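Containing TSV, C-alpha atoms and all ligand atoms: model.tsv.
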```
chain	number	residue	atom	x	y	z
Y	873	MET	CA	159.64	101.28	129.39
Y	874	LYS	CA	156.82	102.75	127.31
Y	875	VAL	CA	156.75	101.77	123.64
Y	876	LEU	CA	154.82	103.60	120.93
Y	877	VAL	CA	153.75	101.04	118.32
Y	878	THR	CA	153.00	102.47	114.86
Y	879	GLY	CA	150.76	100.16	112.83
Y	880	GLY	CA	149.94	98.24	116.02
Y	881	ALA	CA	146.45	97.22	114.82
Y	882	GLY	CA	147.96	95.30	111.88
Y	883	TYR	CA	148.90	91.65	111.56
Y	884	ILE	CA	152.41	91.64	113.05
Y	885	GLY	CA	151.73	94.72	115.18
Y	886	SER	CA	148.77	93.20	117.04
Y	887	HIS	CA	150.72	90.02	117.89
Y	888	THR	CA	153.67	92.13	119.01
Y	889	CYS	CA	151.38	94.21	121.25
Y	890	VAL	CA	150.38	90.98	123.04
Y	891	ALA	CA	154.04	89.95	123.46
Y	892	LEU	CA	155.03	93.42	124.72
Y	893	LEU	CA	152.20	93.60	127.27
Y	894	GLU	CA	152.93	90.06	128.46
Y	895	ALA	CA	156.60	90.99	128.86
Y	896	GLY	CA	155.65	93.94	131.08
Y	897	PHE	CA	156.14	96.84	128.65
Y	898	GLU	CA	153.69	99.73	128.61
Y	899	ILE	CA	152.40	100.51	125.11
Y	900	ALA	CA	150.43	103.01	123.06
Y	901	VAL	CA	149.35	102.47	119.45
Y	902	ILE	CA	149.02	104.84	116.50
Y	903	ASP	CA	147.35	103.37	113.40
Y	904	ASN	CA	145.14	104.99	110.76
Y	905	LEU	CA	143.35	101.62	110.27
Y	906	ASP	CA	144.10	101.82	106.53
Y	907	ASN	CA	144.65	98.04	106.47
Y	908	SER	CA	143.31	96.93	109.85
Y	909	SER	CA	140.46	97.12	112.29
Y	910	TYR	CA	140.08	98.56	115.79
Y	911	GLU	CA	138.60	95.19	116.69
Y	912	ALA	CA	142.19	93.81	116.69
Y	913	ILE	CA	143.14	96.26	119.46
Y	914	GLU	CA	140.05	95.31	121.49
Y	915	ARG	CA	140.98	91.65	121.15
Y	916	VAL	CA	144.56	92.34	122.28
Y	917	GLU	CA	143.04	94.07	125.32
Y	918	GLU	CA	140.82	91.05	125.92
Y	919	LEU	CA	143.79	88.62	125.64
Y	920	THR	CA	146.06	90.60	127.96
Y	921	GLY	CA	143.54	92.21	130.31
Y	922	LYS	CA	145.21	95.59	129.68
Y	923	LYS	CA	143.82	98.82	128.22
Y	924	ILE	CA	145.74	100.22	125.22
Y	925	PRO	CA	145.87	103.97	124.54
Y	926	PHE	CA	144.97	104.09	120.83
Y	927	TYR	CA	145.24	106.96	118.31
Y	928	LYS	CA	143.50	106.62	114.95
Y	929	GLU	CA	145.94	108.89	113.13
Y	930	SER	CA	148.33	108.73	110.21
Y	931	ILE	CA	152.08	108.91	110.85
Y	932	LEU	CA	152.12	111.26	107.84
Y	933	ASP	CA	150.17	113.83	109.89
Y	934	LYS	CA	153.03	115.50	111.74
Y	935	ALA	CA	150.83	117.52	114.09
Y	936	ALA	CA	148.89	114.40	115.10
Y	937	LEU	CA	152.09	112.40	115.55
Y	938	GLU	CA	153.61	115.14	117.71
Y	939	SER	CA	150.55	115.32	119.91
Y	940	VAL	CA	150.79	111.54	120.49
Y	941	PHE	CA	154.46	111.94	121.55
Y	942	GLU	CA	153.46	114.91	123.73
Y	943	VAL	CA	150.82	112.88	125.60
Y	944	GLU	CA	152.44	109.44	125.68
Y	945	LYS	CA	156.11	110.41	126.14
Y	946	PRO	CA	157.39	107.07	124.75
Y	947	ASP	CA	160.86	105.74	125.58
Y	948	ALA	CA	160.99	103.70	122.37
Y	949	VAL	CA	159.13	103.23	119.08
Y	950	ILE	CA	158.39	100.09	117.08
Y	951	HIS	CA	157.62	101.17	113.53
Y	952	PHE	CA	155.34	98.75	111.67
Y	953	ALA	CA	153.10	101.27	109.86
Y	954	ALA	CA	153.57	100.86	106.11
Y	955	LEU	CA	151.93	99.68	102.92
Y	956	LYS	CA	153.14	96.17	102.19
Y	957	ALA	CA	151.72	94.57	99.03
Y	958	VAL	CA	154.44	93.97	96.46
Y	959	GLY	CA	152.14	93.84	93.39
Y	960	GLU	CA	150.19	96.93	94.43
Y	961	SER	CA	153.48	98.81	94.91
Y	962	VAL	CA	154.28	98.25	91.23
Y	963	ARG	CA	150.95	99.85	90.26
Y	964	LYS	CA	151.06	102.62	92.90
Y	965	PRO	CA	154.74	103.45	93.47
Y	966	LEU	CA	154.12	107.02	94.64
Y	967	GLU	CA	151.67	105.91	97.32
Y	968	TYR	CA	154.25	103.40	98.58
Y	969	TYR	CA	157.16	105.85	98.61
Y	970	HIS	CA	154.93	108.45	100.23
Y	971	THR	CA	153.63	106.32	103.09
Y	972	ASN	CA	156.68	104.18	103.72
Y	973	VAL	CA	159.52	106.66	103.16
Y	974	PHE	CA	157.86	109.95	104.20
Y	975	GLY	CA	156.18	108.12	107.06
Y	976	THR	CA	159.55	106.94	108.38
Y	977	ILE	CA	161.09	110.41	107.97
Y	978	SER	CA	158.12	111.99	109.74
Y	979	LEU	CA	158.59	109.53	112.60
Y	980	LEU	CA	162.37	110.08	112.84
Y	981	GLU	CA	161.87	113.86	112.91
Y	982	THR	CA	159.30	113.53	115.66
Y	983	MET	CA	161.58	111.21	117.64
Y	984	ARG	CA	164.33	113.82	117.32
Y	985	LYS	CA	162.02	116.61	118.48
Y	986	TYR	CA	160.93	114.63	121.56
Y	987	ASP	CA	164.37	113.18	122.22
Y	988	VAL	CA	163.34	109.53	121.78
Y	989	LYS	CA	166.45	107.48	121.07
Y	990	ARG	CA	165.27	103.90	120.59
Y	991	LEU	CA	163.66	102.45	117.49
Y	992	VAL	CA	162.80	99.00	116.14
Y	993	TYR	CA	162.15	99.09	112.40
Y	994	SER	CA	160.22	96.48	110.34
Y	995	SER	CA	162.44	95.58	107.43
Y	996	SER	CA	162.03	92.58	105.20
Y	997	ALA	CA	163.75	89.67	103.50
Y	998	THR	CA	162.73	91.47	100.31
Y	999	VAL	CA	166.06	93.35	100.65
Y	1000	TYR	CA	167.72	90.03	99.68
Y	1001	SER	CA	165.75	89.52	96.43
Y	1002	SER	CA	168.87	89.64	94.27
Y	1003	VAL	CA	170.97	87.29	96.41
Y	1004	LYS	CA	171.67	83.83	94.99
Y	1005	GLU	CA	173.69	82.20	97.78
Y	1006	MET	CA	171.57	80.65	100.57
Y	1007	PRO	CA	171.15	81.03	103.49
Y	1008	VAL	CA	171.33	84.83	103.52
Y	1009	ASN	CA	173.07	86.54	106.39
Y	1010	GLU	CA	172.90	90.24	107.28
Y	1011	GLN	CA	175.97	90.97	105.16
Y	1012	SER	CA	174.32	89.52	102.02
Y	1013	PHE	CA	172.43	92.83	101.65
Y	1014	ALA	CA	172.96	94.04	98.07
Y	1015	TYR	CA	171.04	97.35	97.68
Y	1016	VAL	CA	168.99	95.83	94.85
Y	1017	THR	CA	165.38	94.68	94.74
Y	1018	THR	CA	162.64	94.03	92.21
Y	1019	ASN	CA	159.77	96.33	93.18
Y	1020	PRO	CA	158.90	99.71	94.77
Y	1021	TYR	CA	157.87	98.11	98.10
Y	1022	GLY	CA	161.30	96.50	98.35
Y	1023	TRP	CA	162.97	99.82	97.51
Y	1024	THR	CA	161.09	101.55	100.32
Y	1025	LYS	CA	162.56	99.03	102.77
Y	1026	ILE	CA	166.10	99.50	101.38
Y	1027	MET	CA	165.68	103.30	101.43
Y	1028	CYS	CA	164.27	103.40	104.96
Y	1029	GLU	CA	167.08	101.21	106.24
Y	1030	GLN	CA	169.57	103.65	104.68
Y	1031	ILE	CA	167.76	106.73	106.03
Y	1032	ILE	CA	167.84	105.17	109.50
Y	1033	ARG	CA	171.55	104.25	109.22
Y	1034	ASP	CA	172.42	107.81	108.14
Y	1035	THR	CA	170.32	109.28	110.97
Y	1036	CYS	CA	172.11	107.06	113.49
Y	1037	HIS	CA	175.46	108.10	112.05
Y	1038	ALA	CA	174.53	111.75	112.65
Y	1039	ASP	CA	173.25	111.08	116.19
Y	1040	PRO	CA	175.37	108.46	117.95
Y	1041	ALA	CA	172.96	108.40	120.91
Y	1042	LEU	CA	170.35	106.64	118.77
Y	1043	SER	CA	169.93	102.90	119.30
Y	1044	VAL	CA	168.08	101.09	116.51
Y	1045	ALA	CA	167.27	97.51	115.52
Y	1046	LEU	CA	166.55	96.87	111.84
Y	1047	LEU	CA	164.66	93.58	111.80
Y	1048	ARG	CA	164.49	91.75	108.49
Y	1049	TYR	CA	161.45	89.49	108.68
Y	1050	PHE	CA	161.18	86.42	106.48
Y	1051	ASN	CA	157.66	85.05	105.79
Y	1052	PRO	CA	155.40	85.56	108.81
Y	1053	VAL	CA	152.46	83.16	108.99
Y	1054	GLY	CA	150.08	81.75	111.57
Y	1055	ALA	CA	148.10	83.45	114.29
Y	1056	HIS	CA	147.82	83.72	118.05
Y	1057	PRO	CA	146.93	80.25	119.42
Y	1058	SER	CA	143.75	81.67	120.98
Y	1059	GLY	CA	142.36	82.22	117.48
Y	1060	ARG	CA	141.33	85.75	118.54
Y	1061	ILE	CA	143.86	87.70	116.44
Y	1062	GLY	CA	145.36	86.85	113.06
Y	1063	GLU	CA	145.97	88.08	109.53
Y	1064	ASP	CA	142.95	89.71	107.89
Y	1065	PRO	CA	143.85	90.52	104.29
Y	1066	ALA	CA	141.57	92.83	102.33
Y	1067	GLY	CA	140.18	91.17	99.19
Y	1068	ILE	CA	141.86	88.15	97.62
Y	1069	PRO	CA	145.08	87.36	99.50
Y	1070	ASN	CA	148.38	87.82	97.65
Y	1071	ASN	CA	150.36	85.64	100.02
Y	1072	LEU	CA	150.45	81.86	100.02
Y	1073	MET	CA	149.19	80.92	103.48
Y	1074	PRO	CA	146.17	83.24	103.78
Y	1075	TYR	CA	145.20	82.06	100.28
Y	1076	ILE	CA	145.43	78.40	101.31
Y	1077	ALA	CA	143.41	79.13	104.46
Y	1078	GLN	CA	140.63	80.68	102.38
Y	1079	VAL	CA	140.61	77.66	100.05
Y	1080	ALA	CA	140.24	75.42	103.12
Y	1081	SER	CA	137.31	77.46	104.40
Y	1082	GLY	CA	135.59	77.33	100.99
Y	1083	LYS	CA	135.91	81.05	100.20
Y	1084	LEU	CA	138.29	80.34	97.32
Y	1085	GLN	CA	138.17	77.34	95.00
Y	1086	LYS	CA	141.76	76.24	94.52
Y	1087	LEU	CA	145.34	77.35	94.93
Y	1088	SER	CA	147.46	78.26	91.92
Y	1089	VAL	CA	150.99	77.06	92.61
Y	1090	TYR	CA	153.19	79.60	90.86
Y	1091	GLY	CA	155.73	77.41	89.08
Y	1092	ASN	CA	157.00	73.86	89.62
Y	1093	ASP	CA	160.13	74.20	87.51
Y	1094	TYR	CA	162.37	76.07	89.95
Y	1095	PRO	CA	165.74	74.53	90.81
Y	1096	THR	CA	164.40	73.38	94.22
Y	1097	PRO	CA	163.82	69.82	95.49
Y	1098	ASP	CA	160.16	69.64	94.33
Y	1099	GLY	CA	160.34	72.47	91.79
Y	1100	THR	CA	158.16	74.90	93.79
Y	1101	GLY	CA	159.37	78.08	95.50
Y	1102	VAL	CA	161.15	77.75	98.84
Y	1103	ARG	CA	160.75	80.33	101.64
Y	1104	ASP	CA	161.57	80.70	105.31
Y	1105	TYR	CA	158.23	80.74	107.15
Y	1106	ILE	CA	158.18	82.07	110.69
Y	1107	HIS	CA	155.31	81.87	113.18
Y	1108	VAL	CA	154.01	85.39	113.84
Y	1109	CYS	CA	154.27	84.78	117.62
Y	1110	ASP	CA	157.98	83.91	117.28
Y	1111	LEU	CA	158.38	87.10	115.25
Y	1112	ALA	CA	156.55	89.06	117.97
Y	1113	ASP	CA	158.89	87.61	120.62
Y	1114	GLY	CA	161.83	88.76	118.47
Y	1115	HIS	CA	160.65	92.36	118.97
Y	1116	VAL	CA	160.72	92.02	122.74
Y	1117	LEU	CA	164.30	90.70	122.54
Y	1118	ALA	CA	165.31	93.49	120.14
Y	1119	LEU	CA	163.88	96.14	122.48
Y	1120	ARG	CA	165.89	94.73	125.37
Y	1121	LYS	CA	169.01	94.78	123.19
Y	1122	ILE	CA	168.63	98.42	122.16
Y	1123	ALA	CA	167.56	99.54	125.65
Y	1124	ASP	CA	171.16	100.19	126.59
Y	1125	GLY	CA	172.82	99.96	123.20
Y	1126	GLN	CA	174.04	102.49	120.68
Y	1127	GLY	CA	174.06	102.59	116.91
Y	1128	VAL	CA	172.36	100.25	114.42
Y	1129	TYR	CA	171.85	96.52	114.92
Y	1130	THR	CA	170.56	94.51	111.95
Y	1131	TYR	CA	169.04	91.06	112.40
Y	1132	ASN	CA	167.37	88.41	110.28
Y	1133	LEU	CA	164.25	87.06	111.96
Y	1134	GLY	CA	163.61	83.71	110.32
Y	1135	SER	CA	163.70	80.04	111.23
Y	1136	GLY	CA	166.72	79.18	109.09
Y	1137	LYS	CA	164.72	76.46	107.32
Y	1138	GLY	CA	163.44	76.56	103.74
Y	1139	THR	CA	160.02	75.04	103.02
Y	1140	SER	CA	158.46	74.64	99.57
Y	1141	VAL	CA	154.96	75.67	98.45
Y	1142	LEU	CA	153.86	72.02	98.22
Y	1143	GLU	CA	155.33	71.21	101.64
Y	1144	MET	CA	153.36	74.11	103.13
Y	1145	LEU	CA	150.22	72.96	101.35
Y	1146	HIS	CA	150.58	69.42	102.72
Y	1147	ALA	CA	151.38	70.70	106.23
Y	1148	PHE	CA	148.20	72.78	106.11
Y	1149	GLU	CA	146.15	69.78	104.92
Y	1150	LYS	CA	147.47	67.77	107.86
Y	1151	ALA	CA	146.82	70.53	110.40
Y	1152	SER	CA	143.31	71.31	109.14
Y	1153	GLY	CA	142.15	67.89	108.02
Y	1154	ARG	CA	140.99	69.52	104.77
Y	1155	GLU	CA	142.10	68.79	101.24
Y	1156	ILE	CA	143.47	71.81	99.37
Y	1157	PRO	CA	142.80	71.55	95.61
Y	1158	TYR	CA	145.54	73.12	93.52
Y	1159	VAL	CA	146.74	73.61	89.96
Y	1160	ILE	CA	150.22	74.30	88.69
Y	1161	ALA	CA	150.30	77.80	87.16
Y	1162	PRO	CA	153.08	79.81	85.50
Y	1163	ARG	CA	155.73	81.45	87.65
Y	1164	ARG	CA	154.67	84.77	89.23
Y	1165	ALA	CA	156.61	87.78	87.88
Y	1166	GLY	CA	159.36	88.93	90.25
Y	1167	ASP	CA	159.44	85.67	92.29
Y	1168	ILE	CA	162.73	84.00	93.09
Y	1169	ALA	CA	163.36	80.27	93.53
Y	1170	GLU	CA	164.35	80.31	97.15
Y	1171	VAL	CA	165.22	82.48	100.11
Y	1172	TYR	CA	165.89	81.45	103.67
Y	1173	ALA	CA	167.70	83.02	106.56
Y	1174	ASP	CA	170.89	82.46	108.40
Y	1175	PRO	CA	169.38	83.47	111.78
Y	1176	SER	CA	172.59	82.86	113.80
Y	1177	LEU	CA	173.35	86.53	114.53
Y	1178	ALA	CA	169.93	87.05	116.16
Y	1179	GLU	CA	170.45	83.87	118.15
Y	1180	LYS	CA	173.91	84.93	119.31
Y	1181	GLU	CA	173.14	88.56	120.13
Y	1182	LEU	CA	169.44	88.49	121.07
Y	1183	GLY	CA	168.95	84.90	122.22
Y	1184	PHE	CA	166.34	84.60	119.45
Y	1185	LYS	CA	165.35	81.09	118.36
Y	1186	THR	CA	162.05	80.08	116.77
Y	1187	LYS	CA	159.96	77.76	118.98
Y	1188	ARG	CA	157.08	76.98	116.63
Y	1189	ASP	CA	157.33	74.82	113.51
Y	1190	VAL	CA	155.46	74.76	110.22
Y	1191	PHE	CA	152.76	72.50	111.68
Y	1192	ASP	CA	152.13	74.98	114.54
Y	1193	MET	CA	151.90	77.80	111.97
Y	1194	CYS	CA	149.28	75.88	109.96
Y	1195	LYS	CA	147.32	74.74	113.03
Y	1196	ASP	CA	147.11	78.27	114.45
Y	1197	LEU	CA	146.28	79.78	111.06
Y	1198	TRP	CA	143.44	77.29	110.61
Y	1199	ASN	CA	142.17	77.94	114.14
Y	1200	TRP	CA	142.03	81.69	113.33
Y	1201	GLN	CA	140.52	81.18	109.86
Y	1202	SER	CA	137.85	78.71	110.95
Y	1203	HIS	CA	136.71	80.85	113.90
Y	1204	ASN	CA	136.87	84.13	111.94
Y	1205	PRO	CA	135.97	83.24	108.34
Y	1206	ASN	CA	135.43	86.92	107.55
Y	1207	GLY	CA	138.35	88.21	109.61
Y	1208	TYR	CA	137.43	91.01	111.99
Y	1209	THR	CA	134.23	91.84	110.12
Y	1210	LYS	CA	131.46	90.87	112.52
Y	1301	LIG	P1	149.62	95.26	108.11
Y	1301	LIG	O1	149.12	95.98	106.90
Y	1301	LIG	O2	148.76	94.23	108.72
Y	1301	LIG	O3	150.00	96.34	109.23
Y	1301	LIG	C1	150.45	97.64	108.92
Y	1301	LIG	C2	149.61	98.61	109.74
Y	1301	LIG	O4	150.03	99.94	109.45
Y	1301	LIG	C3	148.12	98.52	109.41
Y	1301	LIG	O5	147.39	98.37	110.61
Y	1301	LIG	C4	147.80	99.83	108.73
Y	1301	LIG	O6	146.50	100.28	108.99
Y	1301	LIG	C5	148.86	100.75	109.34
Y	1301	LIG	N1	149.20	101.91	108.53
Y	1301	LIG	C6	149.44	101.98	107.19
Y	1301	LIG	N2	149.70	103.24	106.82
Y	1301	LIG	C7	149.65	103.99	107.95
Y	1301	LIG	C8	149.83	105.36	108.22
Y	1301	LIG	N3	150.12	106.24	107.25
Y	1301	LIG	N4	149.72	105.80	109.50
Y	1301	LIG	C9	149.41	104.94	110.51
Y	1301	LIG	N5	149.21	103.62	110.30
Y	1301	LIG	C10	149.34	103.16	109.04
Y	1301	LIG	O7	151.05	94.66	107.75
Y	1301	LIG	P2	151.97	93.66	108.57
Y	1301	LIG	O8	152.06	92.40	107.81
Y	1301	LIG	O9	151.59	93.64	109.99
Y	1301	LIG	O10	153.38	94.40	108.37
Y	1301	LIG	C11	153.92	95.24	109.38
Y	1301	LIG	C12	155.28	95.74	108.93
Y	1301	LIG	O11	156.13	94.62	108.68
Y	1301	LIG	C13	155.25	96.54	107.63
Y	1301	LIG	O12	156.22	97.57	107.74
Y	1301	LIG	C14	155.69	95.53	106.58
Y	1301	LIG	O13	156.30	96.15	105.49
Y	1301	LIG	C15	156.68	94.70	107.37
Y	1301	LIG	N6	156.86	93.33	106.84
Y	1301	LIG	C16	155.77	92.53	106.67
Y	1301	LIG	C17	155.94	91.25	106.16
Y	1301	LIG	C18	154.77	90.35	105.90
Y	1301	LIG	O14	154.91	89.40	105.12
Y	1301	LIG	N7	153.61	90.55	106.52
Y	1301	LIG	C19	157.23	90.79	105.86
Y	1301	LIG	C20	158.31	91.63	106.06
Y	1301	LIG	C21	158.11	92.92	106.56
Y	1302	LIG	C1	155.43	82.43	98.96
Y	1302	LIG	C2	155.60	81.33	97.91
Y	1302	LIG	C3	155.04	82.03	95.68
Y	1302	LIG	C4	150.78	82.66	96.41
Y	1302	LIG	C5	156.15	88.31	100.09
Y	1302	LIG	C6	156.87	89.59	99.80
Y	1302	LIG	C7	157.95	89.82	100.82
Y	1302	LIG	C8	157.41	89.71	102.25
Y	1302	LIG	C9	156.62	88.47	102.45
Y	1302	LIG	C10	156.84	91.91	103.05
Y	1302	LIG	C11	156.23	81.82	96.61
Y	1302	LIG	C12	154.09	80.95	96.16
Y	1302	LIG	C13	152.11	82.37	96.56
Y	1302	LIG	C14	149.96	81.81	95.62
Y	1302	LIG	C15	151.89	80.44	95.19
Y	1302	LIG	N1	156.51	90.78	102.56
Y	1302	LIG	N2	152.66	81.27	95.96
Y	1302	LIG	N3	150.56	80.72	95.05
Y	1302	LIG	O1	156.58	86.27	97.73
Y	1302	LIG	O2	157.93	85.01	99.48
Y	1302	LIG	O3	157.09	87.25	99.99
Y	1302	LIG	O4	155.62	88.35	101.42
Y	1302	LIG	O5	157.92	92.35	103.28
Y	1302	LIG	O6	158.48	91.07	100.57
Y	1302	LIG	O7	157.41	89.52	98.51
Y	1302	LIG	O8	155.48	85.41	99.86
Y	1302	LIG	O9	153.40	84.22	100.41
Y	1302	LIG	O10	153.47	85.67	98.33
Y	1302	LIG	O11	154.75	83.54	98.37
Y	1302	LIG	O12	152.38	79.44	94.66
Y	1302	LIG	O13	148.76	82.05	95.44
Y	1302	LIG	O14	154.29	80.86	97.54
Y	1302	LIG	O15	155.34	81.85	94.31
Y	1302	LIG	O16	157.05	80.79	96.13
Y	1302	LIG	P1	156.82	85.96	99.13
Y	1302	LIG	P2	154.17	84.75	99.25
```
Mind turning this structure into structure tokens?
Amino acid sequence: MKVLVTGGAGYIGSHTCVALLEAGFEIAVIDNLDNSSYEAIERVEELTGKKIPFYKESILDKAALESVFEVEKPDAVIHFAALKAVGESVRKPLEYYHTNVFGTISLLETMRKYDVKRLVYSSSATVYSSVKEMPVNEQSFAYVTTNPYGWTKIMCEQIIRDTCHADPALSVALLRYFNPVGAHPSGRIGEDPAGIPNNLMPYIAQVASGKLQKLSVYGNDYPTPDGTGVRDYIHVCDLADGHVLALRKIADGQGVYTYNLGSGKGTSVLEMLHAFEKASGREIPYVIAPRRAGDIAEVYADPSLAEKELGFKTKRDVFDMCKDLWNWQSHNPNGYTK
């Protein structure tokens, strides 16, 4: 099966490319490198010993997208390409709706034109932002979120569901990722955020490497065991494996399948910080700061549906995530910039 990977040079995309190639899939990648580097693709090639057809194009450019389908003739698409920073989406809502929603429509139209029936879509635990009862299962979805990025995920899920309703031959997996962290154990590919990281673990990694001074822990007065925010962290390689399983599921399926991809365990900010200290052997200075606007106390997955229907179960724990993140960070202090 040949899989077209949109956004395949990005953080989750590059790890998924490795998993797909190792599982015997053929792939091609389209990415405009808006938030990534071609170096990631070269390193995936180096890790797998396989050449990847790569197109530096935007999914918003319909003619370019069509010519990729024309040449590559994919059997399935994994759609990662999107803008993903929550805070930036509040400042630039139109850019987020444009890239994420139009981009998905452009892709669905092109799939229709070239008769491609299988899609894996990158959704997010952000669709559960208003849910109070933990753990969240796929039915907890409440059509409410706190920011434009989250709305783009809710909207795209709905657009995809409606498209599947109109064409029963479509077979789609909507994967709701929890908090992906870590890196490939080789230390050759990993997360390479532009500027100061917004997310907890890349921030901690840059404190450990001396690029940033100290972590601000956003709030220690949440109703959680140690007062800091609780999330469901998942190793990016486990997440990548989840895509291989989802592709196999939709290969001869029909309709829409929705799965949480998480570990099922909640871990607090301070627990993550201490796990990272242990894995890296470095002390992470921190201060307690006010809560960050829009944050919730806790969110973690009920991953039992993915386990039952896909055979998905995380294999790597929080220590593995921290160890592999530190391996990546310490060998690539400036990310892919040589
Ligand atoms: P990323 O920014 O590393 O990867 C996204 C890739 O898409 C980048 O390589 C970027 O250059 C590319 N891209 C952006 N706009 C494009 C366009 N118009 N045309 C072609 N390529 C374009 O992000 P990631 O963390 O790997 O996230 C991948 C997907 O997973 C996104 O859809 C994101 O919303 C979703 N997701 C991410 C997280 C997370 O915490 N990282 C959590 C849940 C869901
Ligand atoms: C984790 C915890 C913070 C930074 C975001 C998106 C979500 C999804 C994943 C895409 C929280 C605390 C953080 C810091 C801190 N992305 N924190 N100091 O907010 O759970 O999820 O990324 O779909 O949509 O919202 O992840 O890593 O930013 O925060 O104390 O400098 O760490 O308050 O409790 P979050 P995060």
Legend entry - Of the listed residues Y:Arg1154, Y:Arg990, Y:Lys956, Y:Arg984, that which approaches Y:Lys1195 most closely, counting all atoms listed in the file: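 Of the candidates, the smallest distance to Y:Lys1195 is held by Y:Arg1154.
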Inset, instruction - Name all residues at most 9 Å from stretch 1111-1128 of chain Y (count only C-alpha atoms; drop same-chain ones fewer than 3 positions away) and give them as a ChimeraX atom specification. - result: /Y:873,884-892,895,897,948,950,990-992,1032-1033,1036-1037,1039-1047,1049,1052,1106-1108,1131,1133-1134,1178,1181-1186
Legend entry - Near-ligand residues for ligand LIG 1302 (chain Y), threshold 8 Å, all atoms listed in the file, as a ChimeraX atom specification: /Y:956-958,995-999,1021-1022,1049-1052,1069-1073,1075-1076,1087-1091,1100-1103,1140-1141,1161,1163-1164,1167-1171
Per residue of stretch 1030-1124 of chain Y within 10 Å of stretch 916-930 of chain Y, note the shortest atom pair and the distance in Å to one decimal, counting only C-alpha atoms, and order the rows by chain and increasing residue number, as CSV.
```
residue,atom,partner,partner_atom,distance
Y:His1056,CA,Y:Leu919,CA,9.9
Y:Ser1058,CA,Y:Leu919,CA,8.4
Y:Arg1060,CA,Y:Leu919,CA,8.0
Y:Ile1061,CA,Y:Val916,CA,7.5
```
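Computed from the coordinates, the atom CA of Y:Lys1025 to atom CA of Y:Gly1099 distance equals 28.8 Å.
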Inset, instruction - Have a look at atom CA of Y:Gly959 and atom CA of Y:Ser1001 and let me know their distance in Å, one decimal. - result: 14.6 Å
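Interatomic distance, atom CA of Y:Val1016 against atom CA of Y:Tyr1000: 7.7 Å.
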Inset, instruction - Would you list the contacts of Y:Leu905 as a list in words, taking every protein, DNA or RNA residue within 10 Å and counting all atoms listed in the file, but skipping same-chain residues closer than 2 positions in sequence? - result: Gly879, Gly880, Ala881, Gly882, Ile902, Asp903, Asn907, Ser908, Ser909, Tyr910, Tyr927, Lys928, Glu929, Ser930 and Ala953 of chain Y
Legend entry - Minimum-distance residue to ligand LIG 1301 (chain Y), chosen among Y:Val901, Y:Leu932, Y:Leu876, Y:Leu1145 (using only C-alpha atoms and all ligand atoms):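 Among Y:Val901, Y:Leu932, Y:Leu876, Y:Leu1145, it is Y:Leu932 that comes nearest to ligand LIG 1301 (chain Y).
Nearest residue to ligand LIG 1301 (chain Y), choosing from Y:His970, Y:Lys989, Y:Lys1137, Y:Lys945 and counting only C-alpha atoms and all ligand atoms: Y:His970.
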Legend entry - Selected residue of minimal separation from ligand LIG 1301 (chain Y) among Y:Glu1063, Y:Glu1179, Y:Glu1029, Y:Asp1104, counting only C-alpha atoms and all ligand atoms: Y:Glu1063
Please return the centre and edge lengths, in Å to one decimal, of a box with edges along x, y and z that contains all listed atoms of stretch 1065-1078 of chain Y, widened by 8 Å on every side, as lines of an AutoDock Vina configuration file.
```
center_x = 145.3
center_y = 85.6
center_z = 101.0
size_x = 26.3
size_y = 30.4
size_z = 22.8
```
Legend entry - Among the residues Y:Ser994, Y:Thr1209, Y:Thr878, Y:Ser1002, the one that comes closest to Y:Ala912 [using all atoms listed in the file]: Y:Thr1209
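Between ligand LIG 1301 (chain Y) and the residues Y:Glu911, Y:Asp1174, Y:Glu938, Y:Asp1064, the shortest atom-to-atom distance, using all atoms listed in the file, involves Y:Asp1064.
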Legend entry - Residue neighbourhood Y:Asn1019, 9 Å, all atoms listed in the file, exclusion window fewer than 4 positions, as a list in words: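 My reading of the contact set: Val958, Gly959, Ser961, Val962, Pro965, Trp1023, Thr1024 and Gly1166 of chain Y.
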Inset, instruction - Compile the contact shell of Y:Thr976 as a list in words: residues with an atom at most 8 Å away, counting all atoms listed in the file, same-chain residues fewer than 4 positions apart removed. - result: His951, Thr971, Asn972, Leu980 and Cys1028 of chain Y
Which residues, written as an mmCIF file with C-alpha atoms, in the coordinates of the input, have at least one atom at most 9 Å from Y:Ser978, with only C-alpha atoms counted and residues fewer than 2 positions away on the same chain left out?
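The result, written out as part_18.cif:
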```
data_model
loop_
_atom_site.group_PDB
_atom_site.id
_atom_site.type_symbol
_atom_site.label_atom_id
_atom_site.label_comp_id
_atom_site.auth_asym_id
_atom_site.auth_seq_id
_atom_site.Cartn_x
_atom_site.Cartn_y
_atom_site.Cartn_z
ATOM 1 C CA ILE Y 931 152.080 108.910 110.850
ATOM 2 C CA LEU Y 932 152.120 111.260 107.840
ATOM 3 C CA ASP Y 933 150.170 113.830 109.890
ATOM 4 C CA LYS Y 934 153.030 115.500 111.740
ATOM 5 C CA LEU Y 937 152.090 112.400 115.550
ATOM 6 C CA VAL Y 973 159.520 106.660 103.160
ATOM 7 C CA PHE Y 974 157.860 109.950 104.200
ATOM 8 C CA GLY Y 975 156.180 108.120 107.060
ATOM 9 C CA THR Y 976 159.550 106.940 108.380
ATOM 10 C CA LEU Y 980 162.370 110.080 112.840
ATOM 11 C CA GLU Y 981 161.870 113.860 112.910
ATOM 12 C CA THR Y 982 159.300 113.530 115.660
ATOM 13 C CA MET Y 983 161.580 111.210 117.640
#
```
